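Since the structure comes first, as structure tokens, the remarks are kept for the end.
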Amino acid sequence: MMKNNKKIVLVGCGAVGTSFVYSAVNQGIAQDYVLIDVFKDAAEGNQMDIADAQAVLTNSFNSIKAGEYSDCKDADIVVITAGRPQKPGETRLEMVADNAKIMKEIATQIKNSGFDGITVIASNPVDVLTYVYQNVTGFESSKVISSGTTLDSARLRRLLAAKLNVAPNTVETYLLGEHGDSSVAAWSRGTVLGKTVAEYLNEGLITQSDLDEVKEEATHLAYKIIEKKRATHYGIGVCLATIVKAILRDEHKMLLVGAHLKGEYNNSDIYTSVPCVIGKNGIERIIQWDITNEEQELFNKSCEQLKEVFNIAKEAIK
């Protein structure tokens, strides 16, 4: 039996973490929130700031506090956004050694708290750090979820919608693989207003060059945002809230999240983004799409690159 009051613990009170909590409280996703940060003032300041919303929100929440890892013990979900931020011009994969060490420490403390809920991770490089966390904790892989290409896929939908002058929520297109430069646009599975992307190409309403441009921009948009304002956080904040809501409300919603593959899409022992059904148990199942040979080859290359970086992470946390 699921308890009525839902409790979320956030680890990392930077721009991404606080954007997630702000989105969550505005949607009335949980009743109790705990903020943890290595800088206690950051947790306490954000707690006071967000608490001001309690008297105004239509769907208010019971409590928000700055806490400790012991607060994870009875949490439904732990969301981890901690880690050093991405520097201008730096890829997510280049951040790996520093953030792998941080993730190992966080994972150990969460494990020691007695936590047995679901973990959602957005710390970059997210696929690699989610694998580090799952390995350190030994938690069931279906309950350890990377935010993956949830945001990248949202960017892809928005940008393609602009090309076709339709509403973004009428577009169903997704990026598989790494949350990063090697992600793969699964155009063969894409639809817009119920018509396949291939039909739009055949009718001349869009060109392959347009699709390539959309994919390139969706993949590299973070670099542009970081260059202009030092961080990207609102989009991922909403994406994290969407994943968490799907879990807490048992929505059985399909999302492109980082999952632990065990042979799906011809790859094993790696976290990377594939279509998943998200519900109260975390990743309820991975959806196996029939993708083209070219898309499969690109996906395999993305996985190979991630495995190389995970080996760097393993060395860093020895």
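Letters A, B, ... go to the chains of the structure tokens in the order shown; residues in each chain start at 1; ligands are counted from 1 in the same order.
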Could you give me, as a list of chain:residue names, the residues within 12 Å of Glu94 (chain A), counting only C-alpha atoms and dropping anything in the same chain fewer than 4 positions from it?
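Close residues of Glu94 (chain A): A:Arg84, A:Pro85, A:Gln86, A:Lys87, A:Pro88, A:Gly89, A:Glu90, A:Asp98, A:Asn99, A:Ala100, A:Asn124, A:Pro125, A:Val126, A:Val128, A:Gly180, A:Asp181, A:Leu306, A:Glu308, A:Val309, A:Phe310, A:Ile312, A:Ala313.
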Excluding Gln54 (chain A) and any residue of its chain fewer than 5 positions from it, enumerate the residues within 10 Å of it, using only C-alpha atoms, and give them as a list in words.
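Near Gln54 (chain A), the qualifying residues are Val25, Asn26, Asn59, Ser60, Phe61, Asn62, Ser63 and Ile64 of chain A.
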The residue from A:Ile247, A:Val184, A:Cys72, A:Leu164 with the smallest atom-to-atom distance to Tyr200 (chain A), counting only C-alpha atoms, is A:Leu164
Output as a ChimeraX atom specification all residues of region 106-223 of chain A that backbone DSSP marks as alpha helix (DSSP H).
/A:106-113,126-137,150-164,197-202,208-223
Nearest to Phe139 (chain A) by atom-to-atom distance, counting only C-alpha atoms, from A:Asp116, A:Glu44, A:Asp290, A:Glu203:
A:Asp116
Compile the contact shell of Ala231 (chain A) as an MDAnalysis selection string: residues with an atom at most 9 Å away, counting only C-alpha atoms, same-chain residues fewer than 4 positions apart removed.
chainID A and resid 15:16 85:87 222:223 225:227
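Minimum atom-to-atom distances from A:Ile291, A:Ala246, A:Met103, A:Gly177 to Lys314 (chain A) were compared using only C-alpha atoms, and the lowest value belongs to A:Met103.
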Please indicate the distance in Å from CA of Thr91 (chain A) to CA of Ala24 (chain A), rounded to one decimal place.
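CA of Thr91 (chain A) sits 28.2 Å away from CA of Ala24 (chain A).
For the atom pair formed by CA of Gln134 (chain A) and CA of Ser302 (chain A), the distance is 20.1 Å, given to one decimal.
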Determine which residues of region 126-281 of chain A receive a DSSP assignment of strand (DSSP E or B), computed from the backbone, and state them as number ranges by chain.
A: 144-146, 171-172, 175-177, 184-185, 191-192, 195-196, 253-262, 268-279
Give one line per residue of region 142-168 of chain A that approaches region 238-242 of chain A to at most 10 Å, naming the two atoms of the closest pair and their distance in Å to one decimal, counting only C-alpha atoms; sort by chain then ascending residue number and deliver it as JSON lines.
{"residue": "A:Ser146", "atom": "CA", "partner": "A:Leu240", "partner_atom": "CA", "distance": 9.6}
{"residue": "A:Ser147", "atom": "CA", "partner": "A:Leu240", "partner_atom": "CA", "distance": 6.7}
{"residue": "A:Gly148", "atom": "CA", "partner": "A:Cys239", "partner_atom": "CA", "distance": 10.0}
{"residue": "A:Thr149", "atom": "CA", "partner": "A:Cys239", "partner_atom": "CA", "distance": 9.6}
{"residue": "A:Thr150", "atom": "CA", "partner": "A:Cys239", "partner_atom": "CA", "distance": 6.3}
{"residue": "A:Leu151", "atom": "CA", "partner": "A:Cys239", "partner_atom": "CA", "distance": 6.1}
{"residue": "A:Asp152", "atom": "CA", "partner": "A:Cys239", "partner_atom": "CA", "distance": 9.9}
{"residue": "A:Ala154", "atom": "CA", "partner": "A:Cys239", "partner_atom": "CA", "distance": 8.5}
Selected residues, N, CA, C and O atoms, written as a short mmCIF file (atom, residue, chain, number, x, y, z; two decimals), in the first residue's frame, please.
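Writing done, so here's selection.cif:
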data_model
loop_
_atom_site.label_atom_id
_atom_site.label_comp_id
_atom_site.auth_asym_id
_atom_site.auth_seq_id
_atom_site.Cartn_x
_atom_site.Cartn_y
_atom_site.Cartn_z
N SER A 146 18.50 7.52 -14.64
CA SER A 146 19.19 8.71 -15.14
C SER A 146 18.17 9.58 -15.88
O SER A 146 17.32 9.05 -16.60
N SER A 147 18.28 10.89 -15.69
CA SER A 147 17.38 11.80 -16.43
C SER A 147 17.62 11.68 -17.93
O SER A 147 16.76 12.03 -18.75
N GLY A 148 18.81 11.17 -18.31
CA GLY A 148 19.09 10.79 -19.69
C GLY A 148 18.79 11.85 -20.72
O GLY A 148 19.16 13.02 -20.56
N THR A 149 18.12 11.45 -21.79
CA THR A 149 17.82 12.39 -22.88
C THR A 149 16.39 12.93 -22.80
O THR A 149 15.81 13.32 -23.81
N THR A 150 15.83 12.95 -21.59
CA THR A 150 14.49 13.54 -21.43
C THR A 150 14.49 14.97 -21.93
O THR A 150 13.62 15.38 -22.70
N LEU A 151 15.49 15.74 -21.49
CA LEU A 151 15.59 17.14 -21.91
C LEU A 151 15.97 17.26 -23.38
O LEU A 151 15.39 18.05 -24.13
N ASP A 152 16.95 16.47 -23.83
CA ASP A 152 17.39 16.51 -25.23
C ASP A 152 16.22 16.22 -26.17
O ASP A 152 16.07 16.86 -27.21
N ALA A 154 13.04 16.65 -25.50
CA ALA A 154 12.11 17.79 -25.43
C ALA A 154 12.59 18.91 -26.35
O ALA A 154 11.79 19.55 -27.05
#
Residue nearest Lys280 (chain A) - candidates A:Ala122, A:Leu175, A:Ser182, A:Lys6, atoms counted: only C-alpha atoms
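Going through A:Ala122, A:Leu175, A:Ser182, A:Lys6 one by one, the smallest distance to Lys280 (chain A) is for A:Lys6.
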Sort by chain and increasing residue number a table of all residues of region 49-143 of chain A within 10 Å of region 32-42 of chain A, each with its closest pair of atoms and their distance in Å to one decimal, counting only C-alpha atoms, and write it as JSON lines.
{"residue": "A:Phe61", "atom": "CA", "partner": "A:Asp32", "partner_atom": "CA", "distance": 6.4}
{"residue": "A:Asn62", "atom": "CA", "partner": "A:Asp32", "partner_atom": "CA", "distance": 5.7}
{"residue": "A:Ser63", "atom": "CA", "partner": "A:Asp32", "partner_atom": "CA", "distance": 4.9}
{"residue": "A:Ile64", "atom": "CA", "partner": "A:Tyr33", "partner_atom": "CA", "distance": 4.6}
{"residue": "A:Lys65", "atom": "CA", "partner": "A:Val34", "partner_atom": "CA", "distance": 5.0}
{"residue": "A:Ala66", "atom": "CA", "partner": "A:Leu35", "partner_atom": "CA", "distance": 4.7}
{"residue": "A:Gly67", "atom": "CA", "partner": "A:Ile36", "partner_atom": "CA", "distance": 5.5}
{"residue": "A:Glu68", "atom": "CA", "partner": "A:Ile36", "partner_atom": "CA", "distance": 6.0}
{"residue": "A:Tyr69", "atom": "CA", "partner": "A:Ile36", "partner_atom": "CA", "distance": 7.3}
{"residue": "A:Asp71", "atom": "CA", "partner": "A:Val34", "partner_atom": "CA", "distance": 7.3}
{"residue": "A:Cys72", "atom": "CA", "partner": "A:Val34", "partner_atom": "CA", "distance": 8.5}
{"residue": "A:Ala75", "atom": "CA", "partner": "A:Asp32", "partner_atom": "CA", "distance": 9.0}
{"residue": "A:Ile77", "atom": "CA", "partner": "A:Tyr33", "partner_atom": "CA", "distance": 10.0}
{"residue": "A:Val78", "atom": "CA", "partner": "A:Val34", "partner_atom": "CA", "distance": 9.4}
{"residue": "A:Val79", "atom": "CA", "partner": "A:Leu35", "partner_atom": "CA", "distance": 9.9}
{"residue": "A:Ile80", "atom": "CA", "partner": "A:Ile36", "partner_atom": "CA", "distance": 9.6}
{"residue": "A:Thr81", "atom": "CA", "partner": "A:Asp37", "partner_atom": "CA", "distance": 9.9}
{"residue": "A:Ala82", "atom": "CA", "partner": "A:Asp37", "partner_atom": "CA", "distance": 7.8}
Could you tell me how far CA of Gln305 (chain A) lies from CA of Ser183 (chain A), in Å and to one decimal?
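CA of Ser183 (chain A) lies 10.7 Å from CA of Gln305 (chain A).
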Quick one: residues within 12 Å of Asn267 (chain A), only C-alpha atoms counted, chain neighbours fewer than 6 positions away excluded, as a PDB file with C-alpha atoms, in the first residue's frame?
ATOM      1  CA  GLY A 177      21.879   7.011 -26.238  1.00  0.00           C
ATOM      2  CA  ALA A 259      18.221   2.761 -17.994  1.00  0.00           C
ATOM      3  CA  HIS A 260      20.529  -0.148 -17.247  1.00  0.00           C
ATOM      4  CA  LEU A 261      20.583  -2.261 -20.407  1.00  0.00           C
ATOM      5  CA  SER A 273      18.724   6.447 -22.794  1.00  0.00           C
ATOM      6  CA  VAL A 274      16.032   4.280 -24.309  1.00  0.00           C
ATOM      7  CA  GLN A 288      12.220  -2.232 -27.598  1.00  0.00           C
ATOM      8  CA  GLN A 296      21.572   0.946 -34.370  1.00  0.00           C
ATOM      9  CA  GLU A 297      25.176   1.478 -35.485  1.00  0.00           C
ATOM     10  CA  PHE A 299      23.606   3.811 -30.880  1.00  0.00           C
ATOM     11  CA  ASN A 300      26.338   1.149 -30.549  1.00  0.00           C
ATOM     12  CA  LYS A 301      29.019   3.828 -31.033  1.00  0.00           C
ATOM     13  CA  SER A 302      27.385   5.996 -28.358  1.00  0.00           C
ATOM     14  CA  CYS A 303      27.427   3.051 -25.949  1.00  0.00           C
ATOM     15  CA  GLU A 304      31.083   2.300 -26.733  1.00  0.00           C
ATOM     16  CA  LEU A 306      30.121   5.776 -22.656  1.00  0.00           C
ATOM     17  CA  LYS A 307      31.840   2.524 -21.662  1.00  0.00           C
TER      18      LYS A 307
END
Can you work out which one of A:Ala51, A:Leu248, A:Ile206, A:Ile236 has the shortest atom-to-atom distance to Ser123 (chain A), counting only C-alpha atoms?
A:Ile236
